[in-house]
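Note: the block below is run-v4.txt and it holds compact mmCIF, C-alpha atoms.
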```txt
# COMPACT_ATOMS: atom_id res chain seq x y z
CA MET A 1093 -6.02 -6.74 -30.70
CA ASP A 1094 -8.44 -8.02 -28.13
CA PHE A 1095 -8.06 -5.06 -25.85
CA MET A 1096 -10.74 -2.92 -27.45
CA THR A 1097 -13.10 -5.82 -27.80
CA ILE A 1098 -12.95 -6.61 -24.14
CA VAL A 1099 -13.27 -3.04 -23.08
CA LEU A 1100 -16.24 -2.36 -25.27
CA THR A 1101 -18.01 -5.50 -24.17
CA PHE A 1102 -17.72 -4.69 -20.53
CA MET A 1103 -17.80 -0.95 -20.53
CA PRO A 1104 -21.53 -0.36 -20.01
CA PHE A 1105 -21.49 -2.68 -17.07
CA ALA A 1106 -18.27 -1.23 -15.78
CA VAL A 1107 -19.07 2.42 -15.81
CA GLY A 1108 -22.76 2.90 -16.25
CA ILE A 1109 -25.46 0.89 -14.62
CA MET A 1110 -24.09 0.35 -11.19
CA ASP A 1111 -22.33 3.57 -10.40
CA THR A 1112 -25.14 5.23 -8.52
CA ASP A 1113 -25.87 2.14 -6.48
CA LEU A 1114 -22.22 1.65 -5.70
CA ARG A 1115 -21.81 5.25 -4.55
CA GLN A 1116 -24.74 4.85 -2.26
CA LEU A 1117 -23.46 1.58 -0.87
CA LEU A 1118 -20.03 3.05 -0.28
CA ALA A 1119 -21.55 5.98 1.55
CA GLN A 1120 -23.45 3.58 3.80
CA VAL A 1121 -20.35 1.47 4.36
CA ALA A 1122 -18.49 4.64 5.33
CA ARG A 1123 -21.01 5.06 8.14
CA GLY A 1124 -20.28 1.55 9.33
CA ASP A 1125 -23.33 -0.11 7.83
CA ARG A 1126 -22.61 -3.84 7.74
CA THR A 1127 -25.68 -4.77 5.76
CA ALA A 1128 -24.55 -2.37 3.06
CA PHE A 1129 -21.07 -3.87 3.23
CA ALA A 1130 -22.51 -7.36 2.66
CA ARG A 1131 -24.50 -6.06 -0.31
CA LEU A 1132 -21.46 -4.35 -1.70
CA TYR A 1133 -19.60 -7.63 -1.38
CA ASP A 1134 -22.32 -9.43 -3.29
CA VAL A 1135 -22.28 -6.88 -6.06
CA VAL A 1136 -18.56 -6.38 -6.66
CA SER A 1137 -16.70 -9.38 -5.21
CA GLY A 1138 -16.82 -11.27 -8.49
CA ARG A 1139 -15.34 -8.44 -10.47
CA LEU A 1140 -12.67 -7.70 -7.91
CA PHE A 1141 -11.86 -11.41 -7.69
CA GLY A 1142 -11.49 -11.39 -11.46
CA ILE A 1143 -8.99 -8.54 -11.28
CA ILE A 1144 -7.08 -10.31 -8.52
CA GLY A 1145 -7.13 -13.67 -10.27
CA ARG A 1146 -5.20 -12.38 -13.24
CA ILE A 1147 -2.36 -11.45 -10.91
CA LEU A 1148 -2.66 -14.32 -8.43
CA PRO A 1149 -3.69 -17.56 -10.12
CA ARG A 1150 -3.24 -19.50 -6.86
CA ALA A 1151 -6.60 -19.70 -5.15
CA GLU A 1152 -5.53 -19.22 -1.57
CA LEU A 1153 -3.46 -16.15 -2.35
CA ALA A 1154 -6.26 -14.69 -4.42
CA GLU A 1155 -8.70 -15.25 -1.57
CA ASP A 1156 -6.37 -13.55 0.89
CA ALA A 1157 -6.04 -10.62 -1.48
CA LEU A 1158 -9.81 -10.35 -1.80
CA GLN A 1159 -10.18 -10.37 1.95
CA GLU A 1160 -7.54 -7.66 2.32
CA THR A 1161 -9.25 -5.66 -0.38
CA PHE A 1162 -12.58 -5.70 1.41
CA MET A 1163 -10.95 -4.87 4.73
CA ARG A 1164 -9.51 -1.80 3.07
CA ILE A 1165 -12.75 -0.86 1.42
CA TRP A 1166 -14.38 -1.09 4.84
CA GLN A 1167 -11.69 1.02 6.48
CA ARG A 1168 -11.39 3.58 3.75
CA ALA A 1169 -14.90 3.99 2.45
CA SER A 1170 -15.14 7.30 4.28
CA SER A 1171 -12.24 8.69 2.29
CA TYR A 1172 -13.76 7.72 -1.03
CA ASP A 1173 -14.59 10.83 -3.04
CA GLU A 1174 -17.02 10.40 -5.88
CA THR A 1175 -15.93 13.60 -7.52
CA ILE A 1176 -12.51 12.17 -8.30
CA ALA A 1177 -13.07 8.47 -8.75
CA SER A 1178 -15.76 6.16 -9.97
CA PRO A 1179 -16.55 3.64 -7.25
CA MET A 1180 -15.51 0.73 -9.43
CA ALA A 1181 -12.20 2.27 -10.44
CA TRP A 1182 -11.48 3.03 -6.81
CA MET A 1183 -12.21 -0.49 -5.63
CA ALA A 1184 -10.53 -2.07 -8.64
CA THR A 1185 -7.33 -0.18 -7.91
CA ILE A 1186 -7.39 -1.29 -4.30
CA ALA A 1187 -7.85 -4.90 -5.42
CA ARG A 1188 -5.09 -4.65 -7.98
CA ASN A 1189 -2.67 -3.13 -5.48
CA GLN A 1190 -3.44 -5.79 -2.90
CA ALA A 1191 -2.86 -8.53 -5.41
CA ILE A 1192 0.41 -7.07 -6.65
CA ASP A 1193 1.61 -6.72 -3.12
CA LEU A 1194 0.76 -10.29 -2.26
CA LYS A 1195 2.40 -11.50 -5.42
CA ARG A 1196 5.60 -9.71 -4.50
CA ARG A 1197 5.52 -11.06 -0.98
CA SER A 1198 4.90 -14.63 -1.99
CA ALA A 1199 7.49 -14.51 -4.74
CA GLU A 1200 9.88 -13.31 -2.10
CA ARG A 1201 9.10 -16.17 0.20
CA LEU A 1202 9.56 -18.67 -2.57
CA ALA A 1203 12.80 -17.14 -3.71
CA ALA A 1204 14.36 -16.59 -0.32
CA ALA A 1205 17.81 -17.19 -1.73
CA ALA A 1206 17.41 -14.90 -4.68
CA SER A 1207 19.42 -11.73 -4.61
CA GLU A 1208 16.62 -9.44 -5.55
CA LEU A 1209 13.85 -9.22 -3.06
CA ASP A 1210 11.06 -6.92 -3.30
CA GLU A 1211 8.76 -6.43 -0.42
CA THR A 1212 6.41 -3.56 -0.03
CA LEU A 1213 3.50 -2.34 1.92
CA ALA A 1214 0.17 -3.16 0.52
CA ASP A 1215 -0.56 0.40 -0.39
CA GLU A 1216 2.83 1.34 -1.44
CA SER A 1217 1.19 1.75 -4.79
CA PRO A 1218 -0.58 5.03 -5.27
CA ASP A 1219 -3.82 5.72 -3.63
CA PRO A 1220 -6.82 5.17 -5.85
CA GLU A 1221 -8.57 8.18 -4.44
CA SER A 1222 -7.42 10.33 -7.29
CA LEU A 1223 -9.06 8.49 -10.11
CA ALA A 1224 -11.25 10.37 -12.52
CA GLY A 1225 -14.56 9.83 -14.25
CA GLN A 1226 -14.16 6.76 -16.33
CA ALA A 1227 -16.21 6.42 -19.46
CA ARG A 1228 -14.35 8.82 -21.67
CA ASP A 1229 -11.02 7.90 -20.11
CA LEU A 1230 -11.65 4.27 -20.83
CA ARG A 1231 -12.39 4.89 -24.47
CA ARG A 1232 -9.45 7.21 -24.87
CA LEU A 1233 -7.10 4.80 -23.19
CA GLY A 1234 -8.29 2.04 -25.48
CA GLU A 1235 -7.59 4.20 -28.53
CA CYS A 1236 -4.20 5.24 -27.25
CA MET A 1237 -3.30 1.65 -26.42
CA GLN A 1238 -4.15 0.70 -29.96
CA GLY A 1239 -1.72 3.31 -31.16
CA LEU A 1240 1.10 1.31 -29.59
CA PRO A 1241 2.78 -1.55 -31.44
CA ASN A 1242 1.22 -4.85 -30.47
CA GLU A 1243 4.14 -6.05 -28.39
CA ARG A 1244 4.14 -2.88 -26.33
CA GLN A 1245 0.44 -3.13 -25.67
CA GLN A 1246 1.06 -6.58 -24.33
CA LEU A 1247 3.95 -5.39 -22.16
CA VAL A 1248 1.85 -2.70 -20.54
CA LEU A 1249 -1.16 -4.93 -20.04
CA LEU A 1250 0.82 -7.84 -18.63
CA ALA A 1251 2.59 -5.52 -16.20
CA TYR A 1252 -0.42 -3.59 -15.05
CA ARG A 1253 -3.12 -6.23 -15.08
CA GLN A 1254 -1.12 -9.33 -14.33
CA GLY A 1255 1.66 -7.93 -12.22
CA PHE A 1256 4.51 -9.08 -14.47
CA THR A 1257 7.93 -7.84 -13.42
CA ARG A 1258 10.51 -6.69 -15.93
CA GLU A 1259 12.26 -10.02 -15.53
CA GLU A 1260 9.11 -11.95 -16.22
CA LEU A 1261 8.42 -9.80 -19.25
CA ALA A 1262 11.98 -10.31 -20.45
CA GLU A 1263 11.51 -14.04 -20.24
CA ARG A 1264 8.15 -13.98 -21.94
CA PHE A 1265 9.30 -11.80 -24.82
CA LYS A 1266 12.84 -13.16 -25.06
CA ARG A 1267 14.34 -9.73 -24.67
CA PRO A 1268 16.97 -8.35 -22.30
CA VAL A 1269 15.62 -6.73 -19.14
CA THR A 1270 17.11 -3.39 -20.15
CA THR A 1271 15.24 -3.52 -23.44
CA ILE A 1272 12.02 -4.25 -21.60
CA LYS A 1273 12.61 -1.25 -19.39
CA THR A 1274 13.19 0.98 -22.40
CA LEU A 1275 10.12 -0.35 -24.19
CA LEU A 1276 7.93 0.12 -21.12
CA ARG A 1277 9.06 3.67 -20.64
CA ARG A 1278 8.61 4.56 -24.29
CA SER A 1279 5.17 3.03 -24.21
CA LEU A 1280 4.22 5.02 -21.13
CA ILE A 1281 5.46 8.28 -22.55
CA ALA A 1282 3.61 7.58 -25.81
CA LEU A 1283 0.45 6.82 -23.86
CA LYS A 1284 0.79 9.99 -21.87
CA GLU A 1285 1.27 12.09 -24.97
CA CYS A 1286 -1.67 10.45 -26.66
CA LEU A 1287 -3.95 10.87 -23.62
CA ASP A 1288 -2.88 14.39 -22.76
CA GLY A 1289 -2.97 15.50 -26.38
CA ALA A 1290 -6.55 14.35 -26.63
CA ARG A 1291 -7.90 16.54 -23.89
CA MET B 1070 4.49 18.98 -17.42
CA ALA B 1071 7.01 20.23 -14.99
CA LEU B 1072 8.70 16.85 -14.72
CA ASP B 1073 11.38 15.81 -17.13
CA GLU B 1074 10.81 12.68 -19.12
CA THR B 1075 12.94 10.46 -16.91
CA LEU B 1076 10.96 11.33 -13.80
CA GLU B 1077 7.72 11.10 -15.70
CA ALA B 1078 8.65 7.61 -16.86
CA LEU B 1079 9.72 6.69 -13.33
CA ALA B 1080 6.32 7.79 -12.04
CA GLY B 1081 4.62 5.81 -14.77
CA GLU B 1082 6.58 2.66 -14.16
CA TYR B 1083 6.02 3.02 -10.43
CA VAL B 1084 2.28 2.84 -11.03
CA LEU B 1085 2.71 0.13 -13.63
CA GLY B 1086 4.52 -1.88 -10.96
CA THR B 1087 7.64 -2.82 -12.89
CA LEU B 1088 10.34 -0.91 -11.04
CA ALA B 1089 13.28 -2.73 -9.52
CA PRO B 1090 13.42 -2.44 -5.72
CA ASP B 1091 16.02 0.34 -5.69
CA GLU B 1092 14.07 2.33 -8.24
CA ARG B 1093 10.87 1.82 -6.31
CA LEU B 1094 12.62 3.15 -3.25
CA GLU B 1095 13.67 6.19 -5.21
CA ALA B 1096 10.10 6.69 -6.40
CA GLN B 1097 8.72 6.36 -2.88
CA THR B 1098 11.17 8.90 -1.62
CA LEU B 1099 10.21 11.26 -4.40
CA VAL B 1100 6.53 10.82 -3.67
CA ALA B 1101 7.20 11.93 -0.10
CA GLN B 1102 9.43 14.82 -1.03
CA ASN B 1103 8.36 16.15 -4.39
CA THR B 1104 4.78 17.27 -4.84
CA GLU B 1105 5.11 17.39 -8.62
CA PHE B 1106 6.28 13.82 -8.68
CA ALA B 1107 3.48 12.81 -6.33
CA ALA B 1108 1.00 14.53 -8.64
CA ALA B 1109 2.47 12.69 -11.63
CA VAL B 1110 1.98 9.41 -9.76
CA ASP B 1111 -1.64 10.32 -9.11
CA GLN B 1112 -2.11 11.10 -12.76
CA TRP B 1113 -0.63 7.78 -13.83
CA THR B 1114 -2.93 6.01 -11.42
CA ARG B 1115 -5.87 7.73 -13.04
CA ARG B 1116 -4.63 7.07 -16.56
CA LEU B 1117 -4.09 3.36 -16.12
CA ALA B 1118 -6.99 2.45 -13.82
CA PRO B 1119 -9.45 2.00 -16.70
CA LEU B 1120 -7.44 -1.03 -17.79
CA LEU B 1121 -8.76 -2.84 -14.73
CA LEU B 1122 -12.39 -2.29 -15.54
CA ALA B 1123 -12.40 -4.80 -18.35
CA ALA B 1124 -11.78 -7.69 -15.99
CA ARG B 1125 -13.91 -10.76 -16.28
CA SER B 1126 -15.99 -11.47 -13.20
CA VAL B 1127 -14.98 -14.58 -11.26
CA GLU B 1128 -17.11 -15.74 -8.36
CA PRO B 1129 -15.07 -16.22 -5.21
CA PRO B 1130 -15.75 -19.36 -3.14
CA ALA B 1131 -18.92 -19.04 -1.10
CA GLU B 1132 -17.24 -19.50 2.30
CA LEU B 1133 -15.04 -16.48 1.71
CA ARG B 1134 -18.03 -14.20 2.15
CA ALA B 1135 -18.55 -15.27 5.75
CA ARG B 1136 -14.83 -14.96 6.47
CA ILE B 1137 -14.73 -11.42 5.14
CA LEU B 1138 -17.87 -10.32 6.94
CA ALA B 1139 -16.46 -11.77 10.15
CA GLY B 1140 -13.22 -9.94 9.40
CA ILE B 1141 -14.80 -6.52 9.58
CA ASP B 1142 -16.35 -7.35 12.93
CA LYS B 1143 -12.88 -8.02 14.22
CA LEU B 1144 -11.64 -4.76 12.75
CA ALA B 1145 -14.45 -2.84 14.34
CA GLY B 1146 -13.43 -4.10 17.78
CA ALA B 1147 -9.74 -3.51 17.27
CA GLY B 1148 -9.42 -0.34 19.35
CA ASN B 1149 -5.85 0.85 19.51
CA THR B 1150 -4.68 -0.38 16.19
CA VAL B 1151 -1.90 -1.42 13.99
CA VAL B 1152 -1.87 1.68 11.93
CA ASP B 1153 -1.98 1.35 8.24
CA LEU B 1154 1.10 3.32 7.48
CA LYS B 1155 0.28 4.68 4.10
CA LYS B 1156 -3.26 5.50 4.98
CA ARG B 1157 -2.04 7.35 8.01
CA LEU B 1158 0.51 9.13 5.90
CA GLY B 1159 -2.08 10.14 3.35
CA PHE B 1160 -4.30 11.33 6.11
CA TRP B 1161 -1.57 13.30 7.75
CA ARG B 1162 -0.24 14.75 4.58
CA GLY B 1163 -3.27 17.00 4.46
CA ALA B 1164 -3.12 18.03 8.09
CA ALA B 1165 -0.74 20.93 8.34
CA LEU B 1166 1.64 20.52 11.26
CA ALA B 1167 1.53 16.82 12.07
CA ALA B 1168 1.72 16.13 8.39
CA SER B 1169 5.09 17.67 7.86
CA ALA B 1170 6.50 16.07 10.98
CA VAL B 1171 5.40 12.61 10.03
CA ALA B 1172 6.35 12.99 6.41
CA ALA B 1173 9.75 14.25 7.43
CA ALA B 1174 10.30 11.42 9.89
CA LEU B 1175 9.33 8.81 7.37
CA ALA B 1176 11.28 10.42 4.61
CA LEU B 1177 14.26 10.16 6.89
CA PHE B 1178 13.76 6.46 7.42
CA ILE B 1179 13.32 5.96 3.73
CA VAL B 1180 16.28 8.00 2.68
CA PHE B 1181 18.62 6.35 5.12
CA LYS B 1182 17.40 2.91 4.33
CA PRO B 1183 20.25 0.81 3.01
CA VAL B 1184 20.18 -1.28 -0.13
CA PRO B 1185 17.43 -3.90 0.10
CA ALA B 1186 18.69 -6.85 2.12
CA PRO B 1187 18.14 -10.49 1.19
CA ALA B 1188 15.56 -10.66 3.97
CA PRO B 1189 12.75 -8.36 4.87
CA GLY B 1190 14.87 -5.41 5.85
CA ASN B 1191 12.87 -2.70 7.49
CA TYR B 1192 9.93 -2.61 9.76
CA VAL B 1193 8.01 0.44 10.77
CA ALA B 1194 5.44 0.81 13.51
CA VAL B 1195 3.35 3.90 13.93
CA LEU B 1196 2.12 4.15 17.47
CA GLN B 1197 -0.95 6.21 17.51
CA PRO B 1198 -2.97 7.19 20.55
CA GLU B 1199 -6.68 6.75 20.69
CA GLY B 1200 -7.17 10.25 21.97
CA PRO B 1201 -5.08 13.36 21.49
CA GLY B 1202 -1.43 13.02 22.30
CA PRO B 1203 1.86 12.58 20.55
CA ALA B 1204 2.33 9.85 18.01
CA PHE B 1205 5.49 7.84 17.76
CA VAL B 1206 7.08 6.31 14.73
CA ALA B 1207 9.25 3.29 15.42
CA SER B 1208 11.33 1.62 12.77
CA ILE B 1209 13.67 -1.30 12.84
CA ASP B 1210 16.33 -1.66 10.25
CA LEU B 1211 17.61 -5.20 10.21
CA LYS B 1212 20.41 -4.30 7.88
CA ASP B 1213 22.23 -1.76 9.97
CA GLY B 1214 20.76 -3.18 13.14
CA THR B 1215 19.05 -0.24 14.72
CA ILE B 1216 15.73 0.71 16.15
CA SER B 1217 14.66 4.30 15.79
CA VAL B 1218 11.79 5.88 17.61
CA LYS B 1219 10.72 9.42 17.12
CA ARG B 1220 8.19 11.32 19.09
CA LEU B 1221 5.90 13.47 17.01
CA GLY B 1222 4.19 15.80 19.38
CA SER B 1223 4.26 16.96 22.94
CA GLN B 1224 6.62 15.93 25.72
CA ALA B 1225 5.58 13.92 28.71
CA GLU B 1226 4.32 15.88 31.68
CA ALA B 1227 6.96 17.19 34.10
CA GLY B 1228 8.73 14.49 36.08
CA LYS B 1229 7.55 11.78 33.71
CA THR B 1230 9.04 10.08 30.73
CA TYR B 1231 7.99 7.74 27.95
CA GLU B 1232 9.46 4.27 27.93
CA LEU B 1233 9.44 1.84 25.04
CA TRP B 1234 8.73 -1.85 25.49
CA ALA B 1235 8.76 -4.92 23.33
CA VAL B 1236 6.00 -7.33 24.25
CA GLY B 1237 5.22 -10.82 22.98
CA GLY B 1238 6.94 -12.40 20.01
CA GLY B 1239 8.29 -15.12 22.32
CA ARG B 1240 9.06 -12.89 25.31
CA ALA B 1241 7.75 -14.00 28.68
CA ASN B 1242 7.75 -10.44 30.04
CA PRO B 1243 7.76 -6.99 28.53
CA GLN B 1244 11.28 -6.00 27.65
CA SER B 1245 12.39 -2.42 28.14
CA LEU B 1246 14.04 -0.89 25.11
CA GLY B 1247 14.78 2.43 26.73
CA VAL B 1248 13.45 5.83 27.57
CA ILE B 1249 12.35 8.09 24.73
CA ASP B 1250 13.10 11.77 24.95
CA ALA B 1251 12.62 13.34 21.56
CA SER B 1252 13.91 10.28 19.87
CA LEU B 1253 15.59 7.03 20.70
CA ARG B 1254 18.04 5.07 18.64
CA ILE B 1255 19.15 1.72 19.92
CA PRO B 1256 20.94 -1.29 18.48
CA ALA B 1257 18.52 -3.88 17.17
CA ASN B 1258 20.37 -6.66 18.97
CA GLN B 1259 18.77 -5.32 22.10
CA LEU B 1260 15.64 -6.99 20.84
CA GLY B 1261 17.37 -10.33 21.20
CA LYS B 1262 17.24 -12.68 18.33
CA VAL B 1263 15.61 -10.77 15.55
CA ASP B 1264 13.71 -13.22 13.51
CA PRO B 1265 11.72 -11.62 10.71
CA ALA B 1266 9.20 -14.44 11.02
CA THR B 1267 8.30 -13.55 14.61
CA LEU B 1268 9.12 -9.86 14.52
CA GLY B 1269 5.67 -9.22 13.17
CA GLU B 1270 4.27 -10.69 16.37
CA THR B 1271 6.17 -8.31 18.61
CA VAL B 1272 4.00 -5.58 20.01
CA PHE B 1273 5.62 -2.29 20.83
CA ALA B 1274 4.21 -0.39 23.74
CA ILE B 1275 4.98 2.94 25.32
CA SER B 1276 4.19 3.56 28.94
CA LEU B 1277 4.37 6.68 31.02
CA GLU B 1278 7.03 6.19 33.68
CA PRO B 1279 8.77 8.25 36.34
CA GLN B 1280 11.73 10.32 35.15
CA GLY B 1281 14.56 7.98 34.28
CA GLY B 1282 12.33 5.05 33.45
CA SER B 1283 10.53 2.28 35.24
CA PRO B 1284 12.12 1.56 38.62
CA THR B 1285 11.11 -2.10 38.53
CA GLY B 1286 12.07 -3.17 35.03
CA ALA B 1287 8.44 -3.71 34.14
CA PRO B 1288 5.93 -1.11 33.05
CA THR B 1289 4.54 0.67 36.12
CA GLY B 1290 2.64 3.53 34.55
CA PRO B 1291 -0.24 3.48 32.14
CA VAL B 1292 0.44 1.97 28.73
CA LEU B 1293 -0.34 4.82 26.40
CA TYR B 1294 0.47 3.32 23.05
CA THR B 1295 0.73 0.01 21.40
CA GLY B 1296 1.65 -0.78 17.85
CA LYS B 1297 2.73 -3.67 15.76
CA LEU B 1298 5.30 -3.76 13.06
CA VAL B 1299 4.46 -3.73 9.45
CA ALA B 1300 7.04 -4.65 6.89
CA THR B 1301 8.07 -1.87 4.60
CA GLU B 1302 10.26 -1.90 1.54
```
Would you mind writing the file out in structure tokens?
Amino acid sequence: MDFMTIVLTFMPFAVGIMDTDLRQLLAQVARGDRTAFARLYDVVSGRLFGIIGRILPRAELAEDALQETFMRIWQRASSYDETIASPMAWMATIARNQAIDLKRRSAERLAAAASELDETLADESPDPESLAGQARDLRRLGECMQGLPNERQQLVLLAYRQGFTREELAERFKRPVTTIKTLLRRSLIALKECLDGAR
Amino acid sequence: MALDETLEALAGEYVLGTLAPDERLEAQTLVAQNTEFAAAVDQWTRRLAPLLLAARSVEPPAELRARILAGIDKLAGAGNTVVDLKKRLGFWRGAALAASAVAAALALFIVFKPVPAPAPGNYVAVLQPEGPGPAFVASIDLKDGTISVKRLGSQAEAGKTYELWAVGGGRANPQSLGVIDASLRIPANQLGKVDPATLGETVFAISLEPQGGSPTGAPTGPVLYTGKLVATE
């Protein structure tokens, strides 16, 4: 499964080298330093745009989401707490939530006649401020993901990283929506048990 | 650990982003009302976030950089702002008295929210003063057709009252929506044609008026608060 490969390839970059710099930049941004904000943009915009692009393939939506993401980083930098979240995990979660929100909103606009509409505030999703130190978590999560059957790994990844709804997953995997729901929940509980048991 | 498996799975799926709208509403309500559930949601956020860190880097178009840098300049000059609801909530949640009031008010809106409508159903505006002073939470429910405004904080000085106005969104003049005592609940049709497309452009303002409201039909006292609507659920 390509999950571990990808994680291991990117992990040093993701959690090691830049953390200190990013913390410092965020602290400067929190004080309203625009030069630091521009530098932060230069350093992380590509990675955040990558996260967003998986959820929003359409360029203009992705660009809007990136803009929203940086507005939030600017507004919230002062609430960032390095003791509970790595800077990258914090910003990545903001980007992901923005993209998911925009996806829901645009899907809603496109499907105005559909019965099921699903609009939410951008940060309806949980606040990223409570994320923990990442390196060990990342490895553990990779191991626990590998413990899931292949199909369930895909379900979780498509939902979380690409913003797939249950309906979209049902279509992709040719399964009833109720089955998808059950599989997702079982996968989550299994992940939780695996992660918690490993502490 | 304290949560049963159903709630734990609900929290997990909430973070995963796959809940149906009614289930998401349930989860949001639980986050506001149940600290154990809220903690479970935080934990799921932490558990799953590492999945994002493997993303491939994709350079955004060069012109976006200038747009975003210009964007923060605009934000910096925004003054009395459209309040980011969740951020405000998170902020207030930690601040003893105001926190419970706001959380309670919002929980109320959420709990009483009807089944999601086939159009953006609810709008909430938090009207927040620049200095000290009461905050107001205004919500419009397009489904049952009401506007609710709650005051969170002190009363107006003696002989004065707060009055709510709708400004812009196609209106030539500010339109009075009524006087707010502790709270105000008025039919949404008082807003005139409620078009979700333009509702977002309506600015809500609260002015300080003589007892009984503005004598002229237009704001006469100082405008203390302004807020815009943000779509919610």
Give me, as a PyMOL selection string, the residues of chain B touching chain A, with the criterion being at most 6 Å (counting all atoms listed in the file). chain B and resi 1078+1085+1087+1090+1115+1119+1122-1128+1137+1301-1302
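From atom CA of Gly1290 of chain B back to atom CA of Glu1278 of chain B, the distance works out to 5.2 Å.
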With distances taken over only C-alpha atoms, which of B:Ile1275, B:Ala1225, B:Leu1121, B:Val1084 is nearest to Gln1244 of chain B?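 Nearest candidate to Gln1244 of chain B out of B:Ile1275, B:Ala1225, B:Leu1121, B:Val1084: B:Ile1275.
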Point-to-point distance from atom CA of Ala1109 of chain B to atom CA of Glu1077 of chain B, Å rounded to tenths: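 Atom CA of Ala1109 of chain B sits 6.8 Å away from atom CA of Glu1077 of chain B.
Atom to atom, atom CA of Gly1289 of chain A and atom CA of Glu1174 of chain A stand 25.4 Å apart.
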